[in-house]
Structure formats: structure tokens, C-alpha cells
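J.: Input structure: query_34.tsv, which contains TSV, C-alpha atoms.
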```tsv
chain	number	residue	atom	x	y	z
A	460	MET	CA	73.64	151.40	109.07
A	461	PHE	CA	71.30	152.40	111.87
A	462	GLU	CA	67.54	152.94	111.62
A	463	ALA	CA	65.09	153.02	114.50
A	464	LYS	CA	61.64	154.12	115.70
A	465	ILE	CA	60.90	155.25	119.25
A	466	ASP	CA	58.32	157.30	121.13
A	467	ALA	CA	59.55	160.91	120.99
A	468	SER	CA	58.76	161.54	124.67
A	469	VAL	CA	60.84	158.51	125.71
A	470	LEU	CA	63.81	159.64	123.62
A	471	ARG	CA	63.47	163.21	124.92
A	472	GLU	CA	63.54	161.91	128.51
A	473	CYS	CA	66.80	160.10	127.71
A	474	ILE	CA	68.41	163.08	125.98
A	475	GLU	CA	67.44	165.41	128.83
A	476	SER	CA	69.24	163.12	131.26
A	477	ILE	CA	72.41	163.58	129.16
A	478	THR	CA	72.15	167.35	128.64
A	479	ALA	CA	71.94	167.81	132.41
A	480	VAL	CA	75.73	167.25	132.35
A	481	VAL	CA	77.06	167.68	128.79
A	482	ASP	CA	76.00	169.45	125.59
A	483	GLU	CA	77.68	167.05	123.17
A	484	GLY	CA	79.37	163.67	123.14
A	485	LYS	CA	80.18	160.43	121.37
A	486	LEU	CA	77.21	158.07	121.15
A	487	ARG	CA	78.03	154.39	120.59
A	488	VAL	CA	75.44	152.59	118.48
A	489	ALA	CA	75.58	148.80	118.59
A	490	GLU	CA	73.40	145.73	118.12
A	491	ASP	CA	72.29	145.81	121.76
A	492	GLY	CA	71.42	149.53	121.90
A	493	LEU	CA	72.98	152.92	122.63
A	494	LYS	CA	75.72	153.91	125.10
A	495	LEU	CA	77.47	157.10	126.09
A	496	ARG	CA	79.99	158.21	128.66
A	497	ALA	CA	81.04	161.85	128.79
A	498	VAL	CA	82.53	164.40	131.18
A	499	ASP	CA	81.70	168.09	131.43
A	500	PRO	CA	84.29	170.68	130.26
A	501	ALA	CA	85.35	171.45	133.86
A	502	ASN	CA	86.02	167.75	134.62
A	503	VAL	CA	83.71	168.01	137.63
A	504	ALA	CA	80.79	165.82	136.50
A	505	MET	CA	80.36	162.72	134.37
A	506	VAL	CA	77.33	161.01	132.83
A	507	SER	CA	77.05	157.36	131.82
A	508	PHE	CA	74.02	156.38	129.75
A	509	GLU	CA	72.69	153.10	128.33
A	510	LEU	CA	69.50	152.44	126.37
A	511	GLN	CA	68.54	148.87	125.46
A	512	ARG	CA	67.35	148.10	121.95
A	513	ASP	CA	63.99	146.89	123.28
A	514	ALA	CA	63.19	150.48	124.33
A	515	PHE	CA	62.64	151.08	120.60
A	516	ASP	CA	59.59	150.09	118.57
A	517	ASP	CA	61.97	149.17	115.75
A	518	PHE	CA	65.76	148.92	115.87
A	519	ARG	CA	68.11	147.92	113.04
A	520	PHE	CA	71.87	148.11	113.18
A	521	GLU	CA	74.39	146.66	110.74
A	522	GLN	CA	78.12	147.20	110.76
A	523	GLU	CA	79.47	148.61	107.49
A	524	SER	CA	80.57	145.76	105.22
A	525	GLY	CA	83.96	147.39	104.68
A	526	ALA	CA	84.73	147.51	108.37
A	527	GLU	CA	87.18	145.11	109.95
A	528	ALA	CA	85.71	141.84	111.11
A	529	ALA	CA	84.39	141.97	114.64
A	530	SER	CA	82.12	139.87	116.77
A	531	GLU	CA	78.49	140.98	116.97
A	532	SER	CA	78.94	141.81	120.63
A	533	THR	CA	81.77	144.29	119.95
A	534	ALA	CA	80.67	145.79	116.60
A	535	ALA	CA	79.65	149.40	117.10
A	536	THR	CA	79.50	152.78	115.40
A	537	GLU	CA	80.57	155.95	117.20
A	538	VAL	CA	78.93	159.25	116.24
A	539	GLY	CA	79.33	162.78	117.57
A	540	ILE	CA	76.03	164.45	118.48
A	541	ASP	CA	74.97	167.89	119.69
A	542	PHE	CA	72.45	166.70	122.27
A	543	ASN	CA	71.05	170.17	122.94
A	544	LYS	CA	70.04	170.43	119.30
A	545	LEU	CA	68.43	166.98	119.32
A	546	ARG	CA	66.58	167.76	122.57
A	547	ASP	CA	65.16	170.97	121.10
A	548	ILE	CA	63.96	169.14	117.98
A	549	LEU	CA	62.26	166.45	120.06
A	550	GLY	CA	60.55	169.18	122.09
A	551	ILE	CA	58.81	170.40	118.95
A	552	GLY	CA	57.45	166.98	118.02
A	553	GLY	CA	55.32	166.28	121.10
A	554	ARG	CA	54.56	162.63	121.82
A	555	GLU	CA	54.70	161.40	118.24
A	556	GLU	CA	56.87	158.49	117.24
A	557	VAL	CA	60.23	159.58	115.89
A	558	ASP	CA	62.04	157.85	113.03
A	559	LEU	CA	65.84	157.93	113.20
A	560	LYS	CA	68.23	157.15	110.36
A	561	LEU	CA	71.98	157.51	110.52
A	562	ASP	CA	73.99	158.16	107.35
A	563	GLU	CA	77.69	158.02	108.19
A	564	GLN	CA	78.70	158.73	104.58
A	565	VAL	CA	77.27	162.26	104.70
A	566	GLN	CA	77.59	162.58	108.51
A	567	LYS	CA	73.87	163.24	109.06
A	568	LEU	CA	71.19	162.01	111.43
A	569	PHE	CA	67.78	162.13	109.75
A	570	THR	CA	64.80	162.47	112.08
A	571	ARG	CA	61.10	162.45	111.27
A	572	MET	CA	58.10	163.04	113.55
A	573	GLY	CA	54.86	162.84	111.59
A	574	SER	CA	55.07	165.45	108.84
A	575	LEU	CA	58.12	167.15	110.40
A	576	ALA	CA	61.52	166.07	109.05
A	577	TYR	CA	64.75	167.44	110.48
A	578	THR	CA	68.32	166.71	109.41
A	579	ILE	CA	71.04	167.05	112.05
A	580	SER	CA	74.68	167.42	111.04
A	581	LEU	CA	76.88	165.11	113.11
A	582	LEU	CA	80.03	166.24	114.90
A	583	ASP	CA	83.44	164.78	114.15
A	584	PRO	CA	84.10	162.28	116.99
A	585	ALA	CA	87.81	163.12	116.79
A	586	SER	CA	87.02	166.72	117.75
A	587	LEU	CA	85.22	165.69	120.95
A	588	ARG	CA	86.68	164.89	124.34
A	589	LYS	CA	87.85	161.33	124.86
A	590	GLU	CA	85.53	159.00	126.71
A	591	PRO	CA	86.50	159.20	130.39
A	592	LYS	CA	87.43	156.18	132.44
A	593	VAL	CA	85.11	155.34	135.30
A	594	PRO	CA	87.09	155.48	138.55
A	595	GLU	CA	86.91	152.45	140.81
A	596	LEU	CA	84.99	153.63	143.83
A	597	GLU	CA	83.62	151.80	146.85
A	598	PHE	CA	80.74	153.64	148.45
A	599	PRO	CA	80.12	152.85	152.13
A	600	VAL	CA	76.58	154.29	152.12
A	601	GLN	CA	73.66	153.96	149.72
A	602	VAL	CA	70.41	155.93	149.94
A	603	VAL	CA	67.34	155.28	147.78
A	604	ILE	CA	64.95	158.23	147.84
A	605	GLU	CA	61.85	159.33	145.95
A	606	THR	CA	62.99	161.62	143.15
A	607	GLU	CA	60.45	164.36	143.80
A	608	GLU	CA	61.47	164.59	147.48
A	609	PHE	CA	65.08	165.10	146.39
A	610	ARG	CA	64.23	167.60	143.62
A	611	ARG	CA	61.91	169.61	145.86
A	612	THR	CA	64.72	170.06	148.38
A	613	ILE	CA	67.16	171.10	145.65
A	614	ARG	CA	64.73	173.71	144.35
A	615	ALA	CA	64.40	175.20	147.83
A	616	SER	CA	68.17	175.02	148.40
A	617	GLU	CA	68.96	177.13	145.33
A	618	LYS	CA	67.36	180.14	147.03
A	619	ILE	CA	69.77	179.92	149.98
A	620	GLY	CA	73.36	179.00	149.05
A	621	ASP	CA	75.88	177.73	146.52
A	622	HIS	CA	76.85	174.39	148.09
A	623	ILE	CA	74.95	171.47	149.55
A	624	VAL	CA	75.91	168.84	152.11
A	625	LEU	CA	74.63	165.30	151.63
A	626	GLY	CA	75.22	163.04	154.58
A	627	VAL	CA	74.09	160.24	156.84
A	628	ASP	CA	73.98	160.41	160.64
A	629	GLY	CA	73.17	157.00	162.02
A	630	GLU	CA	69.84	156.01	160.48
A	631	GLU	CA	69.04	159.48	159.12
A	632	PHE	CA	69.86	160.87	155.68
A	633	TYR	CA	70.12	164.63	155.45
A	634	MET	CA	70.58	167.42	152.91
A	635	GLU	CA	71.79	170.76	154.26
A	636	VAL	CA	72.43	174.19	152.74
A	637	GLU	CA	73.65	177.25	154.63
A	638	GLY	CA	73.78	180.77	153.24
A	639	GLU	CA	74.84	184.09	154.73
A	640	MET	CA	71.50	184.55	156.45
A	641	ASP	CA	69.45	181.39	156.07
A	642	LYS	CA	69.77	177.64	156.46
A	643	LEU	CA	67.79	174.69	155.10
A	644	ARG	CA	67.89	171.10	156.30
A	645	LEU	CA	65.98	168.03	155.17
A	646	GLY	CA	66.25	165.03	157.46
A	647	LEU	CA	64.69	161.66	156.60
A	648	ARG	CA	64.74	158.61	158.86
A	649	LYS	CA	65.39	155.15	157.46
A	650	GLU	CA	61.68	154.30	157.50
A	651	GLN	CA	60.93	157.39	155.39
A	652	LEU	CA	63.31	156.23	152.66
A	653	ILE	CA	63.17	153.33	150.24
A	654	HIS	CA	66.60	152.19	151.45
A	655	LEU	CA	69.38	153.49	153.70
A	656	THR	CA	72.74	152.08	154.70
A	657	PRO	CA	73.34	153.43	158.24
A	658	GLY	CA	76.60	155.30	158.84
A	659	THR	CA	78.17	158.60	159.81
A	660	LEU	CA	79.60	160.67	156.97
A	661	HIS	CA	78.97	163.65	154.72
A	662	SER	CA	80.32	165.42	151.62
A	663	LEU	CA	79.93	168.90	150.17
A	664	TYR	CA	78.94	169.50	146.53
A	665	SER	CA	78.36	172.38	144.13
A	666	LEU	CA	74.65	173.15	144.18
A	667	ASP	CA	74.72	174.31	140.54
A	668	TYR	CA	75.76	170.85	139.40
A	669	VAL	CA	73.35	169.00	141.68
A	670	ALA	CA	70.50	171.25	140.52
A	671	ALA	CA	71.32	170.59	136.86
A	672	MET	CA	71.41	166.85	137.49
A	673	SER	CA	68.08	167.01	139.34
A	674	LYS	CA	66.46	168.30	136.14
A	675	GLY	CA	67.84	165.33	134.21
A	676	MET	CA	66.24	162.81	136.56
A	677	SER	CA	62.77	164.38	136.60
A	678	HIS	CA	61.08	161.37	134.94
A	679	ALA	CA	62.53	158.78	137.36
A	680	GLU	CA	60.36	157.53	140.22
A	681	ASN	CA	63.29	157.17	142.60
A	682	ILE	CA	67.06	157.62	142.60
A	683	THR	CA	69.98	155.90	144.30
A	684	LEU	CA	72.57	158.12	146.00
A	685	ASN	CA	75.97	156.52	146.62
A	686	LEU	CA	77.91	158.43	149.27
A	687	GLY	CA	81.20	158.55	151.17
A	688	LYS	CA	83.13	161.02	153.34
A	689	ASP	CA	84.58	163.85	151.19
A	690	TYR	CA	83.83	161.52	148.30
A	691	PRO	CA	82.29	161.80	144.84
A	692	LEU	CA	78.51	161.52	144.62
A	693	GLN	CA	77.14	158.84	142.31
A	694	VAL	CA	73.46	159.08	141.37
A	695	ASP	CA	71.83	156.15	139.58
A	696	PHE	CA	68.34	156.00	138.08
A	697	GLU	CA	66.31	154.41	135.30
A	698	VAL	CA	64.79	155.95	132.18
A	699	ALA	CA	62.54	154.63	129.39
A	700	ASP	CA	60.39	152.51	131.73
A	701	GLY	CA	63.43	150.68	133.08
A	702	LYS	CA	64.93	149.96	129.65
A	703	GLY	CA	67.59	152.60	130.11
A	704	LYS	CA	70.10	153.44	132.86
A	705	VAL	CA	71.76	156.72	133.77
A	706	SER	CA	74.56	157.34	136.24
A	707	TYR	CA	75.92	160.73	137.29
A	708	LEU	CA	79.26	161.15	139.05
A	709	LEU	CA	80.06	164.48	140.75
A	710	ALA	CA	83.36	165.48	142.38
A	711	PRO	CA	83.11	166.79	145.96
A	712	ARG	CA	84.07	170.21	147.25
A	713	ILE	CA	86.71	169.67	149.90
A	714	GLU	CA	85.89	171.79	152.95
A	715	SER	CA	88.73	173.94	154.24
A	716	GLU	CA	89.66	173.56	157.90
```
Is it possible to express this structure as C-alpha cells?
T.:
Amino acid sequence: MFEAKIDASVLRECIESITAVVDEGKLRVAEDGLKLRAVDPANVAMVSFELQRDAFDDFRFEQESGAEAASESTAATEVGIDFNKLRDILGIGGREEVDLKLDEQVQKLFTRMGSLAYTISLLDPASLRKEPKVPELEFPVQVVIETEEFRRTIRASEKIGDHIVLGVDGEEFYMEVEGEMDKLRLGLRKEQLIHLTPGTLHSLYSLDYVAAMSKGMSHAENITLNLGKDYPLQVDFEVADGKGKVSYLLAPRIESE
């Protein structure tokens, strides 16, 4: 049994961070909150999401009495959700508080925002992709940048090319896009950033994926970029006033010689 109340705008912010990478996935509901890890159909990008129970105004979770005995820390329910559908519903409700109630018997998620009630049919978890394993990665460089500075550069980059270079040259972080005719480069010194690990490296990424992810982080004040040479990009940021965490992982494009 799961019932909860949460500000609709907070929940929408969380769902938008998920739909930046995947349309659907398996959401784990447990005593300590919500978790999800999912990979996009092309196996290029992954999202990890956690939302603490104290992000909710009310949160009640009880394992079904017929379930096998498990410790409170491991007891959880896994449900399949179409996140695009849930995001669209939350967009209608404005900033009202949303009531959530999960009924596993009929495979429905009941939502209510003021006088508006909406019933969402759940997806069969067995029909969804398995939860991916998080690869063990050691990133030599970490950059913490204001989110709007990053998103502004991505918006400009989309007008120029299809791929973007993220790199560090000494104590400068840079983002670079080159098209057939034009080129864009953002360079920020260490003192212009919140944090920078000095180094010399860069990686190339699909701009379509980075642009989609930039939309999912729009509510975050700043983001952490974890970088390596020809290495996946890991982007970490907070949602729900710091009571939730999101991590994106994006495979690099390997440059041909």
C-alpha cells in the first residue's frame, strides 16, 4: 500500500528530470522514498533518480501482508509507469497539492489535484527493460557550473552542429560545437566556476542527448559534470529543494582519426 501527498510542481520537476532520458520505467517505492534507474532504448543514456520521503507532505508505505518477510530497509514495491503520461497530467494541475494512491490489485495509480481526479493504468514491470547496472567509473575531472550557463550554451549550440565537445584545458572548462560553416566555444576559467579539477582532456557527445538532458535539469541551481578523455559524461544535480537526486550518464562519441 502506498499513499502520499506532494506539491504538484515539485513532483512535476522530478518527473521531467526522468522524461529527459526515458518515457517509461520501473519505479521502486519503499519506506524511505522512491527510486528509479533506467536506460534509453538505444542504450546511450541512463538516468538514476532518488526522492526522499521527506519531500512529501504525507507519505505512507506498507508492504503487502502476503509478501515474503523482509526487513524494513529492503521491503519495496516495483511498479511500471508511463512517465510522459504522468508529466502531462501534472502539467494540467498547476501548483496544487497532488494526492497519490497506488492500488497494485487493479494495477492503477490514482491521482487527485483539487477537483481533478485522474486514474493512470500501470505498466507490467515484466514488460519493461531490466534495471541497468551502474558501471564503475573513475572520473579524473569534476566541474560544477551554474545550470543556466550550461543550458544557455546548449541552446546556442543546437543551431550550429550535431555534436558537442566538453573538455578541460588546464584551469579552463570549455564547451565547443563546430558545424559546416560556424563554430561556438564557451570557455570558463576556474574562478568563473563553482568548482573545477584542473586537467587536460575532452570527450565528444551527441548534442541531441545533451540538449534533452539540459531540459530535465532546468530547476537545478547548479550541476556537476564528471568528465574523462573519450569517457562517459555523468551529470549530477538535485531536485525537490535538495530532497531528491538525479544522475545522468551519457556514452561518448569516439572521434575517428
J.: When you count only C-alpha atoms, which of these residues is closest to Ile713 of chain A: A:His622, A:Lys592, A:Lys464, A:Arg648?
T.: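 Under the stated criterion, the closest residue is A:His622.
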J.: Go through segment 585-613 of chain A and flag each residue having an atom no more than 12 Å from segment 679-690 of chain A; for those, report the closest pair of atoms plus their distance in Å to one decimal, using all atoms listed in the file, ordered by chain and rising number, as a Markdown table.
T.:
```
| residue | atom | partner | partner_atom | distance |
| --- | --- | --- | --- | --- |
| A:Pro594 | CA | A:Tyr690 | CA | 11.9 |
| A:Leu596 | CA | A:Tyr690 | CA | 9.1 |
| A:Glu597 | CA | A:Gly687 | CA | 8.4 |
| A:Phe598 | CA | A:Leu686 | CA | 5.6 |
| A:Pro599 | CA | A:Gly687 | CA | 5.9 |
| A:Val600 | CA | A:Leu686 | CA | 5.2 |
| A:Gln601 | CA | A:Asn685 | CA | 4.6 |
| A:Val602 | CA | A:Leu684 | CA | 5.0 |
| A:Val603 | CA | A:Thr683 | CA | 4.4 |
| A:Ile604 | CA | A:Asn681 | CA | 5.6 |
| A:Glu605 | CA | A:Asn681 | CA | 4.2 |
| A:Thr606 | CA | A:Asn681 | CA | 4.5 |
| A:Glu607 | CA | A:Glu680 | CA | 7.7 |
| A:Glu608 | CA | A:Asn681 | CA | 9.1 |
| A:Phe609 | CA | A:Ile682 | CA | 8.6 |
| A:Arg610 | CA | A:Ile682 | CA | 10.4 |
```
J.: Can you tell me, as number ranges by chain, what residues are no more than 8 Å from Ala497 of chain A when counting all atoms listed in the file, ignoring any on the same chain fewer than 3 positions away?
T.: A: 481, 484-485, 505-507, 588-591
J.: Find, counting all atoms listed in the file, the residue in A:Asp491, A:Asp547, A:Asp641, A:Glu483 that gets nearest to Ser468 of chain A.
T.: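 Comparing A:Asp491, A:Asp547, A:Asp641, A:Glu483 against Ser468 of chain A, the winner is A:Asp547.
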J.: At what distance in Å, to one decimal, does atom CA of Leu625 of chain A lie from atom CA of Phe696 of chain A?
T.: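 We find that atom CA of Phe696 of chain A and atom CA of Leu625 of chain A lie 17.6 Å from each other.
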J.: Start from the incomplete input, build N, CA, C and O atoms for segment 475-498 of chain A, and deliver everything as an mmCIF file, in the coordinates of the input.
T.:
```cif
data_model
loop_
_atom_site.group_PDB
_atom_site.id
_atom_site.type_symbol
_atom_site.label_atom_id
_atom_site.label_comp_id
_atom_site.auth_asym_id
_atom_site.auth_seq_id
_atom_site.Cartn_x
_atom_site.Cartn_y
_atom_site.Cartn_z
ATOM 1 N N GLU A 475 67.404 164.435 127.734
ATOM 2 C CA GLU A 475 67.440 165.410 128.830
ATOM 3 C C GLU A 475 68.315 164.935 129.989
ATOM 4 O O GLU A 475 68.939 165.750 130.677
ATOM 5 N N SER A 476 68.380 163.634 130.199
ATOM 6 C CA SER A 476 69.240 163.120 131.260
ATOM 7 C C SER A 476 70.718 163.310 130.896
ATOM 8 O O SER A 476 71.564 163.453 131.783
ATOM 9 N N ILE A 477 71.031 163.349 129.605
ATOM 10 C CA ILE A 477 72.410 163.580 129.160
ATOM 11 C C ILE A 477 72.762 165.053 129.213
ATOM 12 O O ILE A 477 73.819 165.443 129.715
ATOM 13 N N THR A 478 71.858 165.913 128.707
ATOM 14 C CA THR A 478 72.150 167.350 128.640
ATOM 15 C C THR A 478 72.180 168.004 130.015
ATOM 16 O O THR A 478 72.582 169.163 130.135
ATOM 17 N N ALA A 479 71.785 167.291 131.049
ATOM 18 C CA ALA A 479 71.940 167.810 132.410
ATOM 19 C C ALA A 479 73.418 167.948 132.776
ATOM 20 O O ALA A 479 73.764 168.705 133.691
ATOM 21 N N VAL A 480 74.286 167.231 132.053
ATOM 22 C CA VAL A 480 75.730 167.250 132.350
ATOM 23 C C VAL A 480 76.562 167.754 131.177
ATOM 24 O O VAL A 480 77.487 168.537 131.359
ATOM 25 N N VAL A 481 76.255 167.308 129.953
ATOM 26 C CA VAL A 481 77.060 167.680 128.790
ATOM 27 C C VAL A 481 76.168 168.144 127.642
ATOM 28 O O VAL A 481 75.006 167.753 127.546
ATOM 29 N N ASP A 482 76.724 168.973 126.768
ATOM 30 C CA ASP A 482 76.000 169.450 125.590
ATOM 31 C C ASP A 482 76.193 168.534 124.390
ATOM 32 O O ASP A 482 75.323 168.442 123.520
ATOM 33 N N GLU A 483 77.346 167.878 124.322
ATOM 34 C CA GLU A 483 77.680 167.050 123.170
ATOM 35 C C GLU A 483 78.503 165.855 123.632
ATOM 36 O O GLU A 483 79.045 165.841 124.737
ATOM 37 N N GLY A 484 78.599 164.843 122.771
ATOM 38 C CA GLY A 484 79.370 163.670 123.140
ATOM 39 C C GLY A 484 79.347 162.622 122.056
ATOM 40 O O GLY A 484 78.708 162.774 121.013
ATOM 41 N N LYS A 485 80.084 161.537 122.315
ATOM 42 C CA LYS A 485 80.180 160.430 121.370
ATOM 43 C C LYS A 485 79.182 159.345 121.776
ATOM 44 O O LYS A 485 79.287 158.763 122.856
ATOM 45 N N LEU A 486 78.222 159.086 120.904
ATOM 46 C CA LEU A 486 77.210 158.070 121.150
ATOM 47 C C LEU A 486 77.618 156.790 120.425
ATOM 48 O O LEU A 486 77.861 156.801 119.219
ATOM 49 N N ARG A 487 77.698 155.694 121.181
ATOM 50 C CA ARG A 487 78.030 154.390 120.590
ATOM 51 C C ARG A 487 76.732 153.665 120.235
ATOM 52 O O ARG A 487 75.890 153.436 121.101
ATOM 53 N N VAL A 488 76.604 153.327 118.966
ATOM 54 C CA VAL A 488 75.440 152.590 118.480
ATOM 55 C C VAL A 488 75.879 151.168 118.180
ATOM 56 O O VAL A 488 76.831 150.954 117.421
ATOM 57 N N ALA A 489 75.211 150.199 118.775
ATOM 58 C CA ALA A 489 75.580 148.800 118.590
ATOM 59 C C ALA A 489 74.327 147.946 118.493
ATOM 60 O O ALA A 489 73.200 148.436 118.618
ATOM 61 N N GLU A 490 74.515 146.655 118.282
ATOM 62 C CA GLU A 490 73.400 145.730 118.120
ATOM 63 C C GLU A 490 72.496 145.683 119.343
ATOM 64 O O GLU A 490 71.288 145.486 119.228
ATOM 65 N N ASP A 491 73.087 145.914 120.528
ATOM 66 C CA ASP A 491 72.290 145.810 121.760
ATOM 67 C C ASP A 491 71.708 147.140 122.228
ATOM 68 O O ASP A 491 71.004 147.195 123.238
ATOM 69 N N GLY A 492 72.009 148.252 121.514
ATOM 70 C CA GLY A 492 71.420 149.530 121.900
ATOM 71 C C GLY A 492 72.417 150.678 121.824
ATOM 72 O O GLY A 492 73.388 150.639 121.063
ATOM 73 N N LEU A 493 72.174 151.704 122.645
ATOM 74 C CA LEU A 493 72.980 152.920 122.630
ATOM 75 C C LEU A 493 73.717 153.077 123.962
ATOM 76 O O LEU A 493 73.196 152.722 125.016
ATOM 77 N N LYS A 494 74.943 153.643 123.888
ATOM 78 C CA LYS A 494 75.720 153.910 125.100
ATOM 79 C C LYS A 494 76.464 155.228 124.949
ATOM 80 O O LYS A 494 76.844 155.619 123.845
ATOM 81 N N LEU A 495 76.686 155.871 126.081
ATOM 82 C CA LEU A 495 77.470 157.100 126.090
ATOM 83 C C LEU A 495 78.112 157.267 127.451
ATOM 84 O O LEU A 495 77.536 156.910 128.478
ATOM 85 N N ARG A 496 79.334 157.801 127.428
ATOM 86 C CA ARG A 496 79.990 158.210 128.660
ATOM 87 C C ARG A 496 80.728 159.504 128.342
ATOM 88 O O ARG A 496 81.525 159.548 127.409
ATOM 89 N N ALA A 497 80.444 160.552 129.099
ATOM 90 C CA ALA A 497 81.040 161.850 128.790
ATOM 91 C C ALA A 497 81.236 162.651 130.067
ATOM 92 O O ALA A 497 80.518 162.473 131.052
ATOM 93 N N VAL A 498 82.223 163.549 130.037
ATOM 94 C CA VAL A 498 82.530 164.400 131.180
ATOM 95 C C VAL A 498 82.335 165.858 130.776
ATOM 96 O O VAL A 498 82.518 166.220 129.618
#
```
